[in-house]
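Text of upload.txt, listed as compact mmCIF, C-alpha atoms and all ligand atoms:
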```txt
# COMPACT_ATOMS: atom_id res chain seq x y z
CA MET N 20 -30.05 -2.42 17.08
CA THR N 21 -31.09 -2.27 13.42
CA ILE N 22 -29.51 -3.64 10.25
CA ARG N 23 -30.45 -2.72 6.68
CA ILE N 24 -31.67 -5.88 4.94
CA THR N 25 -32.49 -6.48 1.26
CA GLU N 26 -33.98 -9.95 1.69
CA ILE N 27 -34.20 -13.02 3.88
CA PHE N 28 -34.98 -16.22 2.00
CA TYR N 29 -34.65 -19.97 2.12
CA SER N 30 -32.88 -21.94 -0.63
CA ILE N 31 -30.11 -24.43 -1.30
CA GLN N 32 -26.60 -23.11 -0.77
CA GLY N 33 -25.16 -22.68 -4.25
CA GLU N 34 -21.54 -21.76 -3.47
CA SER N 35 -18.47 -22.55 -1.35
CA GLY N 36 -17.82 -25.43 1.05
CA THR N 37 -21.41 -25.68 2.31
CA ILE N 38 -22.83 -26.06 -1.21
CA GLY N 39 -25.99 -28.17 -1.30
CA TYR N 40 -27.17 -27.57 2.28
CA PRO N 41 -30.61 -26.08 2.85
CA THR N 42 -29.78 -22.57 4.02
CA VAL N 43 -31.43 -19.35 5.07
CA PHE N 44 -29.81 -16.34 3.38
CA VAL N 45 -29.71 -12.97 5.10
CA ARG N 46 -28.75 -10.39 2.48
CA LEU N 47 -27.52 -7.09 3.93
CA THR N 48 -27.97 -3.93 1.86
CA GLY N 49 -25.08 -1.84 0.50
CA CYS N 50 -21.59 -2.45 -0.88
CA PRO N 51 -18.57 -0.16 -1.26
CA MET N 52 -17.40 -2.11 -4.33
CA ARG N 53 -18.70 -2.36 -7.90
CA CYS N 54 -17.40 -5.64 -9.35
CA SER N 55 -17.84 -5.75 -13.13
CA TYR N 56 -19.80 -9.01 -12.94
CA CYS N 57 -21.85 -8.41 -9.78
CA ASP N 58 -25.07 -10.43 -9.90
CA THR N 59 -26.49 -8.71 -6.82
CA ALA N 60 -26.57 -5.03 -7.78
CA TYR N 61 -30.16 -4.98 -6.53
CA ALA N 62 -28.68 -5.08 -3.01
CA PHE N 63 -26.63 -1.88 -3.43
CA HIS N 64 -29.51 0.38 -2.36
CA GLY N 65 -32.90 0.23 -0.69
CA GLY N 66 -33.71 -2.54 1.72
CA ASN N 67 -35.45 -2.15 5.07
CA LYS N 68 -34.04 -1.48 8.50
CA MET N 69 -34.79 -4.49 10.68
CA GLU N 70 -34.29 -5.05 14.38
CA LEU N 71 -31.73 -7.78 15.10
CA ALA N 72 -34.34 -9.67 17.14
CA ASP N 73 -36.77 -9.61 14.20
CA ILE N 74 -34.12 -10.99 11.85
CA VAL N 75 -33.59 -13.90 14.25
CA VAL N 76 -37.37 -14.52 14.35
CA GLU N 77 -37.54 -14.51 10.54
CA VAL N 78 -34.63 -16.98 10.27
CA GLY N 79 -36.32 -19.15 12.90
CA LYS N 80 -39.36 -19.66 10.66
CA TYR N 81 -37.35 -22.23 8.69
CA GLN N 82 -36.23 -25.70 9.81
CA VAL N 83 -32.58 -25.14 9.02
CA LYS N 84 -29.07 -25.53 10.46
CA HIS N 85 -27.24 -23.25 8.03
CA VAL N 86 -27.47 -19.47 7.76
CA CYS N 87 -25.52 -17.53 5.13
CA VAL N 88 -24.91 -13.84 5.82
CA THR N 89 -24.31 -12.10 2.51
CA GLY N 90 -25.05 -8.95 0.56
CA GLY N 91 -24.08 -6.53 -0.84
CA GLU N 92 -21.12 -6.43 1.48
CA PRO N 93 -22.35 -7.67 4.86
CA LEU N 94 -19.31 -6.44 6.80
CA ALA N 95 -19.94 -2.87 5.62
CA GLN N 96 -22.52 -2.62 8.44
CA PRO N 97 -20.65 -3.04 11.75
CA GLU N 98 -23.84 -4.46 13.31
CA CYS N 99 -23.27 -7.52 11.12
CA HIS N 100 -20.92 -8.82 13.83
CA ASP N 101 -23.73 -8.77 16.41
CA LEU N 102 -26.00 -10.58 13.95
CA MET N 103 -23.44 -13.33 13.30
CA ARG N 104 -22.66 -13.73 17.01
CA THR N 105 -26.36 -13.95 17.89
CA LEU N 106 -26.99 -16.55 15.17
CA CYS N 107 -23.99 -18.63 16.37
CA ASP N 108 -25.24 -18.40 19.97
CA ALA N 109 -28.63 -19.67 18.75
CA GLY N 110 -26.89 -22.79 17.45
CA TYR N 111 -26.84 -22.10 13.70
CA LYS N 112 -23.89 -22.94 11.44
CA VAL N 113 -23.18 -19.45 10.15
CA SER N 114 -21.23 -18.50 7.03
CA VAL N 115 -20.36 -15.03 5.79
CA GLU N 116 -19.62 -14.09 2.18
CA THR N 117 -17.28 -11.13 2.00
CA GLY N 118 -15.62 -9.33 -0.88
CA GLY N 119 -12.43 -8.65 1.05
CA ALA N 120 -12.39 -4.84 1.14
CA ILE N 121 -13.22 -4.75 4.85
CA ASP N 122 -11.28 -6.12 7.83
CA ILE N 123 -12.35 -9.64 8.86
CA SER N 124 -10.28 -9.85 12.07
CA GLN N 125 -13.31 -9.23 14.31
CA VAL N 126 -15.52 -11.91 12.73
CA ASP N 127 -16.65 -14.43 15.37
CA LYS N 128 -14.34 -17.47 15.23
CA ARG N 129 -17.35 -19.82 14.94
CA VAL N 130 -18.27 -18.29 11.57
CA TYR N 131 -17.22 -19.95 8.30
CA ILE N 132 -15.65 -17.11 6.29
CA VAL N 133 -15.88 -17.18 2.49
CA LEU N 134 -13.33 -14.57 1.48
CA ASP N 135 -13.51 -13.49 -2.15
CA ILE N 136 -10.20 -12.27 -3.58
CA LYS N 137 -11.09 -9.80 -6.32
CA THR N 138 -9.30 -10.39 -9.63
CA PRO N 139 -8.12 -7.77 -12.16
CA ALA N 140 -11.17 -8.13 -14.44
CA SER N 141 -13.53 -7.50 -11.50
CA ASN N 142 -12.05 -3.93 -11.55
CA GLU N 143 -11.91 -4.12 -7.73
CA GLU N 144 -8.52 -5.79 -7.26
CA PRO N 145 -6.98 -2.56 -5.86
CA ASN N 146 -9.50 -2.73 -3.02
CA ASN N 147 -8.45 -6.18 -1.78
CA LYS N 148 -7.35 -5.89 1.85
CA TYR N 149 -4.58 -8.47 1.73
CA GLY N 150 -4.02 -8.33 5.50
CA ASN N 151 -7.26 -10.33 5.71
CA LEU N 152 -5.30 -13.42 4.64
CA ASP N 153 -3.62 -13.39 8.08
CA HIS N 154 -7.01 -13.92 9.75
CA ILE N 155 -8.25 -16.85 7.66
CA LYS N 156 -8.71 -20.10 9.63
CA ALA N 157 -7.94 -23.53 8.16
CA SER N 158 -11.71 -24.17 8.18
CA ASP N 159 -12.49 -21.01 6.13
CA CYS N 160 -12.11 -20.69 2.38
CA LEU N 161 -10.83 -18.34 -0.28
CA LYS N 162 -12.61 -17.81 -3.54
CA PHE N 163 -11.61 -16.40 -6.92
CA VAL N 164 -14.26 -15.52 -9.49
CA ILE N 165 -12.44 -15.86 -12.80
CA CYS N 166 -13.52 -13.76 -15.81
CA ASP N 167 -10.88 -14.55 -18.46
CA ASP N 168 -7.47 -16.14 -19.08
CA ASN N 169 -5.61 -13.21 -17.54
CA ASP N 170 -7.67 -13.56 -14.33
CA TYR N 171 -6.93 -17.29 -14.29
CA GLN N 172 -3.16 -16.72 -14.59
CA TRP N 173 -3.29 -13.97 -11.95
CA ALA N 174 -5.23 -16.15 -9.51
CA LYS N 175 -2.99 -19.17 -10.16
CA ASP N 176 0.15 -17.11 -9.47
CA PHE N 177 -1.41 -15.51 -6.39
CA VAL N 178 -2.29 -18.91 -4.92
CA ASP N 179 1.08 -20.47 -5.85
CA GLN N 180 3.22 -17.64 -4.49
CA ARG N 181 1.47 -17.65 -1.13
CA GLY N 182 0.97 -21.41 -0.82
CA LEU N 183 -2.72 -20.78 -0.18
CA THR N 184 -3.98 -24.30 -0.94
CA GLU N 185 -1.96 -25.43 2.11
CA LYS N 186 -3.78 -22.89 4.27
CA CYS N 187 -7.45 -23.60 3.49
CA ASP N 188 -9.81 -24.59 0.66
CA VAL N 189 -9.39 -22.41 -2.41
CA PHE N 190 -12.30 -22.18 -4.87
CA PHE N 191 -12.10 -21.11 -8.51
CA SER N 192 -15.48 -20.22 -9.97
CA PRO N 193 -16.22 -18.91 -13.48
CA SER N 194 -17.89 -15.53 -13.76
CA ALA N 195 -21.39 -16.52 -14.90
CA ASP N 196 -22.11 -15.93 -18.61
CA GLN N 197 -18.57 -14.66 -19.09
CA LEU N 198 -16.20 -17.65 -18.85
CA SER N 199 -17.25 -21.20 -19.69
CA ALA N 200 -17.05 -23.60 -16.75
CA THR N 201 -15.53 -26.21 -19.09
CA GLN N 202 -12.75 -23.82 -20.10
CA LEU N 203 -11.92 -23.11 -16.45
CA ALA N 204 -11.97 -26.84 -15.61
CA ASP N 205 -9.65 -27.58 -18.55
CA TRP N 206 -7.14 -24.97 -17.33
CA ILE N 207 -7.24 -26.34 -13.77
CA ILE N 208 -6.62 -29.89 -15.01
CA ARG N 209 -3.89 -28.78 -17.45
CA ASP N 210 -1.99 -27.06 -14.64
CA GLN N 211 -2.84 -29.67 -11.97
CA LEU N 212 -3.96 -27.02 -9.50
CA ALA N 213 -4.99 -28.10 -5.99
CA VAL N 214 -8.00 -25.76 -6.06
CA ARG N 215 -11.69 -26.66 -5.95
CA MET N 216 -13.67 -25.97 -9.10
CA GLN N 217 -17.11 -24.52 -8.46
CA VAL N 218 -20.11 -23.38 -10.48
CA GLN N 219 -23.01 -21.52 -8.90
CA LEU N 220 -25.49 -24.36 -8.28
CA HIS N 221 -28.51 -22.06 -7.95
CA LYS N 222 -27.97 -20.66 -11.44
CA ILE N 223 -28.02 -24.19 -12.87
CA LEU N 224 -31.13 -25.09 -10.87
CA TRP N 225 -33.16 -21.90 -11.29
CA ASN N 226 -31.25 -19.72 -13.76
CA ASN N 227 -31.42 -16.70 -11.49
CA GLU N 228 -29.03 -14.81 -9.23
CA ALA N 229 -30.31 -16.04 -5.88
CA GLY N 230 -32.31 -19.27 -6.25
CA ARG N 231 -35.43 -18.22 -4.41
C1 LIG O 301 -22.94 -11.19 -4.42
S1 LIG O 301 -21.49 -11.49 -3.49
C2 LIG O 301 -21.93 -10.91 -1.86
C3 LIG O 301 -20.80 -11.03 -0.88
C4 LIG O 301 -19.60 -10.14 -1.10
N1 LIG O 301 -19.96 -8.82 -1.52
C5 LIG O 301 -18.62 -10.78 -2.06
O1 LIG O 301 -18.40 -10.23 -3.15
O2 LIG O 301 -18.08 -11.83 -1.73
C6 LIG O 301 -21.52 -13.26 -3.24
C7 LIG O 301 -20.63 -14.06 -4.16
O3 LIG O 301 -21.17 -14.04 -5.47
C8 LIG O 301 -20.10 -13.94 -6.38
N2 LIG O 301 -20.58 -13.45 -7.67
C9 LIG O 301 -21.19 -12.27 -7.90
N3 LIG O 301 -21.48 -12.13 -9.20
C10 LIG O 301 -21.06 -13.27 -9.81
C11 LIG O 301 -21.08 -13.73 -11.15
N4 LIG O 301 -21.59 -12.98 -12.13
N5 LIG O 301 -20.56 -14.96 -11.41
C12 LIG O 301 -20.02 -15.71 -10.42
N6 LIG O 301 -19.97 -15.33 -9.13
C13 LIG O 301 -20.48 -14.12 -8.83
C14 LIG O 301 -19.17 -12.99 -5.68
O4 LIG O 301 -17.88 -12.99 -6.24
C15 LIG O 301 -19.20 -13.53 -4.28
O5 LIG O 301 -18.29 -14.60 -4.12
N1 LIG O 302 -28.66 -20.27 -3.62
C1 LIG O 302 -27.80 -19.30 -3.36
N2 LIG O 302 -26.61 -19.61 -2.84
C2 LIG O 302 -25.76 -18.56 -2.57
N3 LIG O 302 -24.55 -18.64 -2.00
C3 LIG O 302 -24.06 -17.38 -1.88
C4 LIG O 302 -24.97 -16.48 -2.36
C5 LIG O 302 -24.76 -15.01 -2.31
O1 LIG O 302 -25.42 -14.24 -3.03
O2 LIG O 302 -23.90 -14.59 -1.53
C6 LIG O 302 -26.07 -17.22 -2.82
C7 LIG O 302 -27.31 -16.92 -3.40
O3 LIG O 302 -27.67 -15.78 -3.69
N4 LIG O 302 -28.14 -17.98 -3.63
S1 LIG O 303 -18.19 -7.03 -3.55
FE1 LIG O 303 -19.85 -8.56 -3.80
S2 LIG O 303 -21.79 -7.40 -3.68
FE2 LIG O 303 -20.13 -5.91 -3.92
S3 LIG O 303 -20.06 -5.51 -6.12
FE3 LIG O 303 -18.59 -7.18 -5.72
S4 LIG O 303 -19.73 -9.12 -5.98
FE4 LIG O 303 -21.24 -7.42 -5.83
MG MG O 304 -25.57 -14.62 -5.12
```

Entire entry expressed as structure tokens:
Amino acid sequence: MTIRITEIFYSIQGESGTIGYPTVFVRLTGCPMRCSYCDTAYAFHGGNKMELADIVVEVGKYQVKHVCVTGGEPLAQPECHDLMRTLCDAGYKVSVETGGAIDISQVDKRVYIVLDIKTPASNEEPNNKYGNLDHIKASDCLKFVICDDNDYQWAKDFVDQRGLTEKCDVFFSPSADQLSATQLADWIIRDQLAVRMQVQLHKILWNNEAGR
């Protein structure tokens, strides 16, 4: 079984609930979406087909507990499920970053799902598969990348109306170079939201899109 891979690298997790852990990133190639702010457009095309067994060998070169399966859109390749299952079986703590346009119901229950809900300014909000919310575990998380004040209001209302902070962690993150982190923090405090503020740690540390 082969999977198209853009890169496998070791860094510090810069996002979501596992932020700060040394992590191996497996970045799958290809994405059906085109978010306005996407910092990973280099993963839309290209990459190399790799055997699942060779991916596991590459990950095994690092002394690490955490593996983050990302992209592109990792779930766009159905073989991603075999990869995640194999990594879980090997004892890794596996997370998957998904943009929410593809069904998550078949994701292995041991995997920590980071489900991005696309906002209006991403231009991909119509592609959110809202049925995915029914498959989120209490240990998973939801994430909103906020581009402007309209996105903030939209995300706030979305979370409020569905009581999402009662369901799992909810992250609000500013779109890099588009919305100031301080502005987003001020809005969250003003409205006393029960969400978790997040900035991409790797961009602070290395000022690049991946941190590798
Ligand atoms: C590159 S995506 C890959 C996984 C999946 N396609 C998704 O969108 O969740 C990983 C994460 O980076 C976030 N991201 C991409 N570009 C960003 C930017 N310019 N500022 C902040 N977060 C960004 C995405 O919203 C997503 O949560
Ligand atoms: N350091 C680092 N942390 C990350 N967390 C999620 C990433 C992603 O691109 O999905 C990412 C990434 O690209 N680099
Ligand atoms: S879904 Fe993820 S990889 Fe695809 S365009 Fe949006 S941020 Fe980029
Ligand atoms: Mg990234």

Could you give me, as a tab-separated table, every chain N residue with an atom at most 9 Å from ligand MG 304 (chain O), plus its closest atom pair and distance in Å to one decimal, counting only C-alpha atoms and all ligand atoms, rows ordered by chain then number?
```
residue	atom	partner	partner_atom	distance
N:Gly33	CA	O:MG304	MG	8.1
N:Glu34	CA	O:MG304	MG	8.4
N:Cys57	CA	O:MG304	MG	8.6
N:Asp58	CA	O:MG304	MG	6.4
N:Thr59	CA	O:MG304	MG	6.2
N:Thr89	CA	O:MG304	MG	8.1
N:Gly90	CA	O:MG304	MG	8.0
N:Gln219	CA	O:MG304	MG	8.3
N:His221	CA	O:MG304	MG	8.5
N:Asn227	CA	O:MG304	MG	8.9
N:Glu228	CA	O:MG304	MG	5.4
N:Ala229	CA	O:MG304	MG	5.0
N:Gly230	CA	O:MG304	MG	8.3
```

Neighbourhood of ligand LIG 301 (chain O) at 7 Å, counting only C-alpha atoms and all ligand atoms, reported as a list of chain:residue names: N:Cys50, N:Tyr56, N:Cys57, N:Asp58, N:Thr59, N:Thr89, N:Gly90, N:Gly91, N:Glu92, N:Pro93, N:Glu116, N:Thr117, N:Gly118, N:Leu134, N:Asp135, N:Lys162, N:Val164, N:Ser192, N:Pro193, N:Ser194, N:Ala195, N:Gln219

- line: Of N:Ile136, N:Ile223, N:Ala95, N:Leu71, the one sitting nearest Phe163 in chain N when using all atoms listed in the file is N:Ile136

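Across the model, the gap from CA of His64 in chain N to atom FE2 of ligand LIG 303 (chain O) is 11.4 Å.
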
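Closest approach to Gln202 in chain N from the set N:Val88, N:Met216, N:Val133, N:Ala120 is made by N:Met216, with distances taken over all atoms listed in the file.
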
message: Residues within 10 Å of Cys107 in chain N, please, as a PyMOL selection string. Count all atoms listed in the file; anything in the same chain fewer than 6 positions from it doesn't count.
response: chain N and resi 86+101+113-114+127-130

query: Gly79 in chain N: which residues within 10 Å, counting all atoms listed in the file, same-chain residues fewer than 3 positions away excluded, as a list of chain:residue names?
result: N:Val43, N:Asp73, N:Ile74, N:Val75, N:Val76, N:Gln82, N:Val83, N:Lys84, N:Leu106, N:Ala109, N:Tyr111

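Proximity of N:Met20, N:Val126, N:Ala140, N:Ile27 to ligand LIG 303 (chain O), computed with all atoms listed in the file, is greatest for N:Ala140.
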
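Computed from the coordinates, the CA of Tyr81 in chain N to CA of Ser30 in chain N distance equals 10.3 Å.
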
Taking all atoms of range 49-59 of chain N that the file lists, what box with edges along x, y and z, padded by 8 Å per side, do you get, with centre and edge lengths in Å to one decimal, as AutoDock Vina command-line options?
```
--center_x -21.9 --center_y -5.3 --center_z -6.3 --size_x 25.1 --size_y 26.3 --size_z 29.6
```

message: Could you list, as a ChimeraX atom specification, every residue within 6 Å of range 143-148 of chain N, counting all atoms listed in the file and ignoring same-chain residues fewer than 5 positions away?
response: /N:54,119-120,137-138

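Considering the residues N:Tyr40, N:Thr25, N:Asp170, N:Ser35 and counting all atoms listed in the file, Tyr61 in chain N has its shortest atom-to-atom contact with N:Thr25.
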
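Around range 96-98 of chain N, within 9 Å and counting only C-alpha atoms, the residues found are Met20, Thr21, Ile22, Arg23, Leu47, Thr48, Gly49 and Leu71 of chain N, once anything fewer than 6 positions away on its own chain is removed.
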
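Our summary of the geometry notes that CA of Ser124 in chain N is positioned 16.5 Å from CA of Lys186 in chain N.
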
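Comparing N:Gly110, N:Ile207, N:Val115, N:Ser55 by their smallest distance to ligand LIG 302 (chain O), the closest is N:Val115 (using all atoms listed in the file).
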
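Using only C-alpha atoms and all ligand atoms, the shortest contact distance between ligand LIG 302 (chain O) and any of N:Asn67, N:Gln172, N:Gln217, N:Thr42 is found at N:Thr42.
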